[in-house]
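Novice: What follows is a structure written as structure tokens; I'll ask about it next.
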Amino acid sequence: MQFTTAPHLKKRASADAIFLPFWQKGGVAKPAASLEEFEHATKLPIATKDFKAKSGEIVQIFEKSPLEKRVFLLGLGKEESLSPENLRVSYAEVTKLCAKKGITKVNLLLPHVADLRGITLDAALKAIGEGLLLTNYDWTHATNTEDKKTLLKEIAFIGVLPKALTLLEEIKQIAEGVHLARDLINGNADSITPAYLAQSSISLSKRFPSIKLTLFDKEKILDHGLRLIYAVGRGAMHDPYFIQMSYQGNPRSKDHTAIIGKGITFDTGGINLKPSGSIETMRDDMSGAATVLAVMGIIAALGLKVNVTGVIPTCENAIGSKSFKPGDVYKSYLGKTVEIKDTDAEGRLILADALSYSAKNLSCTRMIDFATLTGSVVVALGDDMAGLFSNDDKLAELLLSASHSTNEPLWRLPLYSPYKESLKSDIADLKNVGGRPGGSIKAALFLEEFVGAISWAHIDIAGPAFSNKERGYLPKNGVGFGVRLMIEFFKQLSK
Ligand code: BES
Ligand code: ZN
Ligand code: ZN
């Protein structure tokens, strides 16, 4: 993707198409920038109300332009309800239309600065860039090249100075990270194996020498006493890995965040096999890991002044003669013993070891985990929202605030301690399930047993990680939920 800028229409270069922005005022379209040579030609569609400038509405006018083959009017909705989210949604339609028409090079006349009331020019440009780029993504399962979607390759932003390119390049890095997360989620489970995720971390550390990698294979996992990770991973043909990617962007500070992602590359449920209807999307059970890999890459690319270690326990939860078994007791890294009541509650097992390992060895000051952990959180909050659990109100507030900015909705749920009762076992310190009611809370309480006193947040992304339909700038299938959220969080932290 190549970005250019032009201060106004007269300075623009040629392109396949130009998009002219409009507000909707009293049911009528009103130019959102100076249209110059196009002013006359836009009068008719406005007067006939063929174009009302509803958010994301696009019409083509057949005006002869010396520089573009096509001229489009783009609706931004009502000026008074302008928000970053409205801009993202409106500009997503630009990318979609270009994909449909095979357009790769566009001129975009930006809405006038003074009109962007309430939000700064930078915030508006950021939202516009996000709407365009997050939508500029293609994933086709088949290798059938005829189905390949056309993607935008060149965008000229008209109405800004070249210094806007710095911000736009940053958005490009973030969108590329989101696309990486989506590719990892979408790929076949037989391709995106634990070894593949390990390889991705190797590639990241090669591309960004600021990322220092420590990788444990199956033997090292056992040597280090990560016995729950070993138990979950041992049944599969594909061996488990434990990935640690360390980035020090602020060496003088002791502040250090561990971000931990559940990396189950396929969740069959194990011997407690999942039924049809629940199993088909379980290649998405490494979405937390995908978020962590993407976030580490973006942090390094942007050189953020924060200290972060990305931690990924990754296994396939397979069914077979070597699988770990219901009713057996396994000892965790921390020493607590766990009775396996259900091999399908495997995410909390690998995260338990990853959390206590991180708390002990990484000298981190906070831990944030991302996991497609429970079906219960989807019952509670639906497909769009992630459940947030935290033992630290301040950390929860910071995450909620980042979530508002990026519109990746989080909803805080309680670590209601009386429910710990349900995790008691007769034969071990804990059992790994505590019954269906409040299942996502009980899963979070299980994790809390392995956290200790450190500031911690758990984000259950079972709902929004994977979508069965396209929504605005979010695609069907792997979404890349949490990537922008964490970058926003770290940017706030580095201020
Ligand atoms: N990976 C699943 C959770 C999940 C469900 C992710 C739906 C994405 C969409 C997790 O490992 C699981 O199977 N959880 C069980 C726990 C139960 C056995 C206590 C669940 O939620 O049903
Ligand atoms: Zn499971
Ligand atoms: Zn799972």
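Naming works like this for the structure tokens: A, B, ... for the chains as they're shown, residue 1 at the start of each chain, ligands 1 onward in shown order.
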List the spatial neighbours of A:Lys336 as a list in words - criterion: any atom at most 9 Å away, only C-alpha atoms, same-chain residues fewer than 6 positions off excluded.

Specialist: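 So the residues in contact are Tyr330, Ala428, Asp429, Leu430, Glu449 and Phe450 of chain A.
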
Novice: Set the cut-off to 8 Å, count only C-alpha atoms and all ligand atoms, and list whatever residues fall near ligand 2 as a ChimeraX atom specification.

Specialist: /A:267-270,274,317,343-347,373-374

Novice: Do you know which residues are at most 7 Å from A:Pro111 counting only C-alpha atoms, after dropping those on the same chain fewer than 4 positions away, and could you put them as a PyMOL selection string?

Specialist: chain A and resi 21+32-33

Novice: Grab the atom CA of A:Leu184 to atom CA of A:Val106 distance for me, in Å with one decimal place.

Specialist: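 Atom-to-atom, atom CA of A:Leu184 to atom CA of A:Val106, that is 29.2 Å.
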
Novice: Taking the chain letters and numbering used in this document, name the residues of stretch 328-450 of chain A that DSSP puts in alpha helix (DSSP H), as a ChimeraX atom specification.

Specialist: /A:347-361,376-381,393-406,439-448

Novice: Please dump the current selection as a compact mmCIF listing (two decimals), in the first residue's frame; keep N, CA and C atoms.

Specialist:
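That gives us out_23.txt:
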```
# COMPACT_ATOMS: atom_id res chain seq x y z
N GLY A 347 -8.01 -24.72 27.85
CA GLY A 347 -7.39 -23.39 27.74
C GLY A 347 -6.91 -22.91 29.09
N ARG A 348 -7.74 -23.09 30.12
CA ARG A 348 -7.36 -22.62 31.46
C ARG A 348 -6.15 -23.39 31.99
N LEU A 349 -5.96 -24.64 31.50
CA LEU A 349 -4.81 -25.43 31.97
C LEU A 349 -3.50 -24.85 31.41
N ILE A 350 -3.49 -24.61 30.10
CA ILE A 350 -2.24 -24.09 29.53
C ILE A 350 -1.97 -22.66 30.00
N LEU A 351 -3.07 -21.89 30.20
CA LEU A 351 -2.88 -20.52 30.68
C LEU A 351 -2.42 -20.49 32.12
N ALA A 352 -2.90 -21.44 32.93
CA ALA A 352 -2.49 -21.51 34.34
C ALA A 352 -0.96 -21.60 34.42
N ASP A 353 -0.39 -22.52 33.64
CA ASP A 353 1.06 -22.67 33.65
C ASP A 353 1.75 -21.42 33.09
N ALA A 354 1.19 -20.87 32.01
CA ALA A 354 1.81 -19.68 31.39
C ALA A 354 1.78 -18.50 32.36
N LEU A 355 0.67 -18.34 33.08
CA LEU A 355 0.55 -17.21 34.03
C LEU A 355 1.54 -17.36 35.18
N SER A 356 1.58 -18.53 35.80
CA SER A 356 2.48 -18.65 36.96
C SER A 356 3.94 -18.65 36.53
N TYR A 357 4.23 -19.19 35.34
CA TYR A 357 5.60 -19.10 34.82
C TYR A 357 5.99 -17.64 34.60
N SER A 358 5.09 -16.86 33.98
CA SER A 358 5.39 -15.45 33.69
C SER A 358 5.58 -14.66 34.98
N ALA A 359 4.67 -14.86 35.94
CA ALA A 359 4.75 -14.13 37.21
C ALA A 359 6.08 -14.41 37.90
N LYS A 360 6.56 -15.66 37.80
CA LYS A 360 7.79 -16.03 38.51
C LYS A 360 9.06 -15.61 37.76
N ASN A 361 9.05 -15.73 36.44
CA ASN A 361 10.32 -15.60 35.71
C ASN A 361 10.52 -14.32 34.91
N SER A 376 -19.46 -19.90 27.57
CA SER A 376 -20.34 -19.15 28.49
C SER A 376 -20.28 -17.66 28.28
N VAL A 377 -19.10 -17.14 27.94
CA VAL A 377 -18.98 -15.69 27.77
C VAL A 377 -19.78 -15.25 26.54
N VAL A 378 -19.92 -16.14 25.57
CA VAL A 378 -20.72 -15.83 24.37
C VAL A 378 -22.20 -15.80 24.75
N VAL A 379 -22.60 -16.72 25.63
CA VAL A 379 -23.99 -16.73 26.12
C VAL A 379 -24.26 -15.42 26.88
N ALA A 380 -23.29 -14.99 27.69
CA ALA A 380 -23.48 -13.80 28.52
C ALA A 380 -23.46 -12.51 27.70
N LEU A 381 -22.50 -12.37 26.80
CA LEU A 381 -22.25 -11.07 26.14
C LEU A 381 -22.47 -11.06 24.63
N ASP A 393 -8.58 -2.62 39.63
CA ASP A 393 -9.55 -1.69 39.04
C ASP A 393 -8.89 -0.72 38.08
N LYS A 394 -7.66 -0.30 38.42
CA LYS A 394 -6.99 0.68 37.58
C LYS A 394 -6.65 0.09 36.20
N LEU A 395 -6.15 -1.11 36.22
CA LEU A 395 -5.84 -1.80 34.96
C LEU A 395 -7.12 -2.00 34.14
N ALA A 396 -8.20 -2.39 34.82
CA ALA A 396 -9.48 -2.59 34.14
C ALA A 396 -9.93 -1.29 33.48
N GLU A 397 -9.79 -0.17 34.19
CA GLU A 397 -10.19 1.13 33.64
C GLU A 397 -9.37 1.49 32.40
N LEU A 398 -8.06 1.24 32.47
CA LEU A 398 -7.19 1.54 31.32
C LEU A 398 -7.61 0.72 30.10
N LEU A 399 -7.92 -0.55 30.33
CA LEU A 399 -8.32 -1.41 29.22
C LEU A 399 -9.67 -0.99 28.66
N LEU A 400 -10.60 -0.63 29.56
CA LEU A 400 -11.93 -0.18 29.10
C LEU A 400 -11.82 1.10 28.28
N SER A 401 -10.93 1.99 28.72
CA SER A 401 -10.76 3.24 28.00
C SER A 401 -10.16 2.99 26.61
N ALA A 402 -9.16 2.10 26.51
CA ALA A 402 -8.60 1.75 25.20
C ALA A 402 -9.67 1.10 24.33
N SER A 403 -10.50 0.29 24.95
CA SER A 403 -11.56 -0.41 24.22
C SER A 403 -12.58 0.56 23.63
N HIS A 404 -12.85 1.67 24.36
CA HIS A 404 -13.76 2.70 23.84
C HIS A 404 -13.16 3.36 22.61
N SER A 405 -11.85 3.68 22.67
CA SER A 405 -11.23 4.36 21.52
C SER A 405 -11.23 3.51 20.27
N THR A 406 -10.98 2.20 20.42
CA THR A 406 -10.83 1.39 19.21
C THR A 406 -12.15 0.72 18.82
N GLY A 439 -20.12 -19.95 33.86
CA GLY A 439 -18.93 -20.69 33.41
C GLY A 439 -17.72 -19.81 33.12
N SER A 440 -17.95 -18.62 32.58
CA SER A 440 -16.78 -17.78 32.24
C SER A 440 -16.16 -17.19 33.51
N ILE A 441 -17.01 -16.95 34.52
CA ILE A 441 -16.50 -16.45 35.81
C ILE A 441 -15.66 -17.54 36.49
N LYS A 442 -16.19 -18.76 36.46
CA LYS A 442 -15.46 -19.87 37.10
C LYS A 442 -14.13 -20.12 36.40
N ALA A 443 -14.13 -20.00 35.08
CA ALA A 443 -12.86 -20.17 34.33
C ALA A 443 -11.86 -19.10 34.76
N ALA A 444 -12.35 -17.85 34.91
CA ALA A 444 -11.46 -16.75 35.31
C ALA A 444 -10.96 -16.97 36.74
N LEU A 445 -11.85 -17.47 37.61
CA LEU A 445 -11.43 -17.76 39.00
C LEU A 445 -10.38 -18.86 39.03
N PHE A 446 -10.51 -19.82 38.13
CA PHE A 446 -9.49 -20.88 38.03
C PHE A 446 -8.14 -20.25 37.69
N LEU A 447 -8.14 -19.36 36.68
CA LEU A 447 -6.89 -18.69 36.29
C LEU A 447 -6.30 -17.91 37.46
N GLU A 448 -7.19 -17.21 38.20
CA GLU A 448 -6.72 -16.36 39.31
C GLU A 448 -5.90 -17.14 40.33
```

Novice: Which residue gives the smallest distance to A:Thr150 among A:Gly327, A:Gly187, A:Pro194, A:Gly102, with only C-alpha atoms counted?

Specialist: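 Among the listed residues, the smallest separation from A:Thr150 belongs to A:Gly102.
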
Novice: When you count only C-alpha atoms, which of these residues is closest to A:Pro326: A:Ile299, A:Cys364, A:Val338, A:Val479?

Specialist: A:Val338

Novice: Could you list, as JSON, numbers by chain, every residue within 10 Å of stretch 9-20 of chain A, counting only C-alpha atoms and ignoring same-chain residues fewer than 2 positions away?

Specialist: {"A": [4, 5, 6, 7, 22, 31, 32, 33, 34, 35, 36, 37, 38, 42, 58, 59, 60, 65, 66, 67, 68, 69, 70, 71, 72, 73, 74, 75, 94, 98, 102, 103, 104, 105, 106, 107, 108, 109, 110, 111, 154, 155, 156, 157, 158, 159]}
